[in-house]
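*Asks:* The structure follows.
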Amino acid sequence: MNEVVPPKTPEAVEPKTLVEGAYQRLRRDIIEGVHAPGEKLRVEHLKDRYEVGAGTLREALLLLVTDALVVAQGQRGFRVSPISIEDFEDITRTRLLLETEALRQSLQLGGEDWEAAVVAAFHRLSRAEQKLGDNDSLAAEEWERRNRAFHEALIAASPSRWIRHFQHILYQQSERYRRLSLFSHPIPRDIHAEHQALFNASLARDTTRATSILTEHVLRTLDAVKLLPAEFFAGKQKS
């Protein structure tokens, strides 16, 4: 069995520049719904809120355009990207195509270092899940980081950097939707039990069971989002 050492995923990355700091704060506020889908992002207003210059803010907004969280409208400025059930279903099903294949590869190739990284990521995630409460944005942010780290640790032994790269992009794109279902509880679920089952099957190298659990786990979030009221997706379109 070839040893593939997974990359280290930091709990949080401190911004090194003003642009990076503004980007991180804007991104968090978009994910958390402070800036609603479709909302106009006026540089002249936001530069005071985020305490940066107009040029710095525009650079941060352009980074968010790359993330597909913000839409540039030529000379008319920027808007928060809209959300929809159709968009999330496309994100989810494409993510599953990549992530289940990466998981298969990891279970075949991952050695002791991979196992140790998965165990550590699951332990940190379990601790974060104990702190989750209604509308606790700090606990949700910590859970989101550790949930991402766990999913990335599971597939880290895949030798395909492109699969892992695109899985990371799709995971990020699903974050706004996942946050909605996390706080709204449209369907009853025990997320920790779902992660525990995925963890157990992965360490047992049971590829069939692990990929089946992963698929059900990810699709359950899609099912939850489909039950949210329409106003969650309406957004703001004022100029």
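Naming scheme: A, B, ... for chains in displayed order of the structure tokens; residues 1 onward per chain; ligands 1 onward as shown.
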Please identify the strand (DSSP E) residues within region 31-220 of chain A (assignment by DSSP from backbone atoms) and present them as a list in words.

*Replies:*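 Here is the list: Lys40, Leu41, Val70, Val71, Ala72, Phe78, Arg79 and Val80 of chain A.
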
*Asks:* So which residues touch Glu59 (chain A) within 10 Å, counting only C-alpha atoms, skipping near sequence neighbours fewer than 3 positions away, as a ChimeraX atom specification?

*Replies:* /A:18-20,22-23,54-56,62-65

*Asks:* Contacts of region 181-194 of chain A at 12 Å or less, counting only C-alpha atoms, minus same-chain residues fewer than 3 places along, as number ranges by chain?

*Replies:* A: 32-33, 122-137, 139-141, 143-144, 147, 174-178, 197-201, 210, 212-229, 232

*Asks:* Deliver the residues from the most recent selection as a file, using C-alpha atoms, as a PDB file, in the first residue's frame.

*Replies:*
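What landed in again-v7.pdb:
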```pdb
ATOM      1  CA  GLU A  32     -24.038  33.925   7.280  1.00  0.00           C
ATOM      2  CA  GLY A  33     -26.634  35.935   5.355  1.00  0.00           C
ATOM      3  CA  PHE A 122     -13.026  13.496  13.514  1.00  0.00           C
ATOM      4  CA  HIS A 123     -12.112  14.171  17.144  1.00  0.00           C
ATOM      5  CA  ARG A 124     -11.995  17.934  16.544  1.00  0.00           C
ATOM      6  CA  LEU A 125     -15.277  17.800  14.630  1.00  0.00           C
ATOM      7  CA  SER A 126     -16.955  15.860  17.444  1.00  0.00           C
ATOM      8  CA  ARG A 127     -15.870  18.508  19.951  1.00  0.00           C
ATOM      9  CA  ALA A 128     -17.320  21.242  17.731  1.00  0.00           C
ATOM     10  CA  GLU A 129     -20.611  19.370  17.330  1.00  0.00           C
ATOM     11  CA  GLN A 130     -21.024  19.340  21.096  1.00  0.00           C
ATOM     12  CA  LYS A 131     -20.983  23.157  21.080  1.00  0.00           C
ATOM     13  CA  LEU A 132     -23.542  23.664  18.320  1.00  0.00           C
ATOM     14  CA  GLY A 133     -26.606  25.623  19.434  1.00  0.00           C
ATOM     15  CA  ASP A 134     -29.435  27.571  17.868  1.00  0.00           C
ATOM     16  CA  ASN A 135     -28.220  30.672  16.006  1.00  0.00           C
ATOM     17  CA  ASP A 136     -24.750  30.516  17.574  1.00  0.00           C
ATOM     18  CA  SER A 137     -22.733  31.899  14.671  1.00  0.00           C
ATOM     19  CA  ALA A 139     -19.992  27.787  17.108  1.00  0.00           C
ATOM     20  CA  ALA A 140     -21.344  27.295  13.576  1.00  0.00           C
ATOM     21  CA  GLU A 141     -18.230  28.863  12.067  1.00  0.00           C
ATOM     22  CA  TRP A 143     -18.111  23.564  13.136  1.00  0.00           C
ATOM     23  CA  GLU A 144     -17.925  24.543   9.461  1.00  0.00           C
ATOM     24  CA  ASN A 147     -16.476  19.716   9.093  1.00  0.00           C
ATOM     25  CA  SER A 174     -22.477  24.551  -0.712  1.00  0.00           C
ATOM     26  CA  GLU A 175     -21.595  26.397   2.496  1.00  0.00           C
ATOM     27  CA  ARG A 176     -24.348  29.035   2.267  1.00  0.00           C
ATOM     28  CA  TYR A 177     -26.984  26.345   1.787  1.00  0.00           C
ATOM     29  CA  ARG A 178     -25.568  24.161   4.546  1.00  0.00           C
ATOM     30  CA  ALA A 197     -20.905   6.107  10.772  1.00  0.00           C
ATOM     31  CA  LEU A 198     -18.815   7.583   7.948  1.00  0.00           C
ATOM     32  CA  PHE A 199     -15.727   7.594  10.171  1.00  0.00           C
ATOM     33  CA  ASN A 200     -16.220   3.966  11.257  1.00  0.00           C
ATOM     34  CA  ALA A 201     -16.771   2.669   7.730  1.00  0.00           C
ATOM     35  CA  ALA A 210     -18.367   4.349   3.309  1.00  0.00           C
ATOM     36  CA  SER A 212     -22.997   4.843   0.535  1.00  0.00           C
ATOM     37  CA  ILE A 213     -22.970   6.658   3.895  1.00  0.00           C
ATOM     38  CA  LEU A 214     -21.217   9.662   2.363  1.00  0.00           C
ATOM     39  CA  THR A 215     -23.806   9.847  -0.420  1.00  0.00           C
ATOM     40  CA  GLU A 216     -26.723   9.637   2.007  1.00  0.00           C
ATOM     41  CA  HIS A 217     -25.090  12.189   4.317  1.00  0.00           C
ATOM     42  CA  VAL A 218     -24.598  14.788   1.577  1.00  0.00           C
ATOM     43  CA  LEU A 219     -28.002  14.195  -0.047  1.00  0.00           C
ATOM     44  CA  ARG A 220     -29.712  14.607   3.324  1.00  0.00           C
ATOM     45  CA  THR A 221     -28.570  18.224   3.388  1.00  0.00           C
ATOM     46  CA  LEU A 222     -30.027  18.690  -0.095  1.00  0.00           C
ATOM     47  CA  ASP A 223     -33.329  17.194   1.109  1.00  0.00           C
ATOM     48  CA  ALA A 224     -33.309  19.576   4.080  1.00  0.00           C
ATOM     49  CA  VAL A 225     -32.686  22.639   1.929  1.00  0.00           C
ATOM     50  CA  LYS A 226     -35.522  21.650  -0.420  1.00  0.00           C
ATOM     51  CA  LEU A 227     -37.929  21.976   2.522  1.00  0.00           C
ATOM     52  CA  LEU A 228     -36.932  25.544   3.377  1.00  0.00           C
ATOM     53  CA  PRO A 229     -39.520  28.310   2.732  1.00  0.00           C
ATOM     54  CA  PHE A 232     -34.890  31.932   1.922  1.00  0.00           C
TER      55      PHE A 232
END
```

*Asks:* Residues within 9 Å of Pro159 (chain A), please, as JSON, numbers by chain. Count only C-alpha atoms; anything in the same chain fewer than 2 positions from it doesn't count.

*Replies:* {"A": [4, 102, 105, 106, 109, 156, 157, 161, 162, 163, 164]}

*Asks:* Let's see if you can do this: from backbone DSSP, list all helix (DSSP H, G or I) residues in region 9-215 of chain A, as an MDAnalysis selection string.

*Replies:* chainID A and resid 18:31 43:49 54:66 74:76 85:109 112:131 137:155 161:173 175:184 191:203 207:215

*Asks:* Rounded to one decimal, what separation in Å do you get between CA of His151 (chain A) and CA of Thr92 (chain A)?

*Replies:*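 Result for CA of His151 (chain A) versus CA of Thr92 (chain A): 14.1 Å, one decimal.
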
*Asks:* What is the distance, in Å and to one decimal place, between CA of Arg145 (chain A) and CA of Asp90 (chain A)?

*Replies:*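 So the answer is 22.7 Å.
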
*Asks:* Counting only C-alpha atoms, what is within 9 Å of Arg148 (chain A), bar same-chain residues fewer than 4 positions away, as a ChimeraX atom specification?

*Replies:* /A:143-144,152-153,168,171-172

*Asks:* Let me see the file: selected residues, C-alpha atoms, as a compact mmCIF listing (two decimals), in the first residue's frame.

*Replies:*
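Produced file selection_21.txt, reproduced below:
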```txt
# COMPACT_ATOMS: atom_id res chain seq x y z
CA TRP A 143 -18.11 23.56 13.14
CA GLU A 144 -17.92 24.54 9.46
CA GLU A 152 -10.88 16.81 3.27
CA ALA A 153 -8.96 14.45 5.56
CA HIS A 168 -12.91 21.88 -2.31
CA TYR A 171 -17.77 22.19 -0.83
CA GLN A 172 -17.28 25.95 -0.45
```
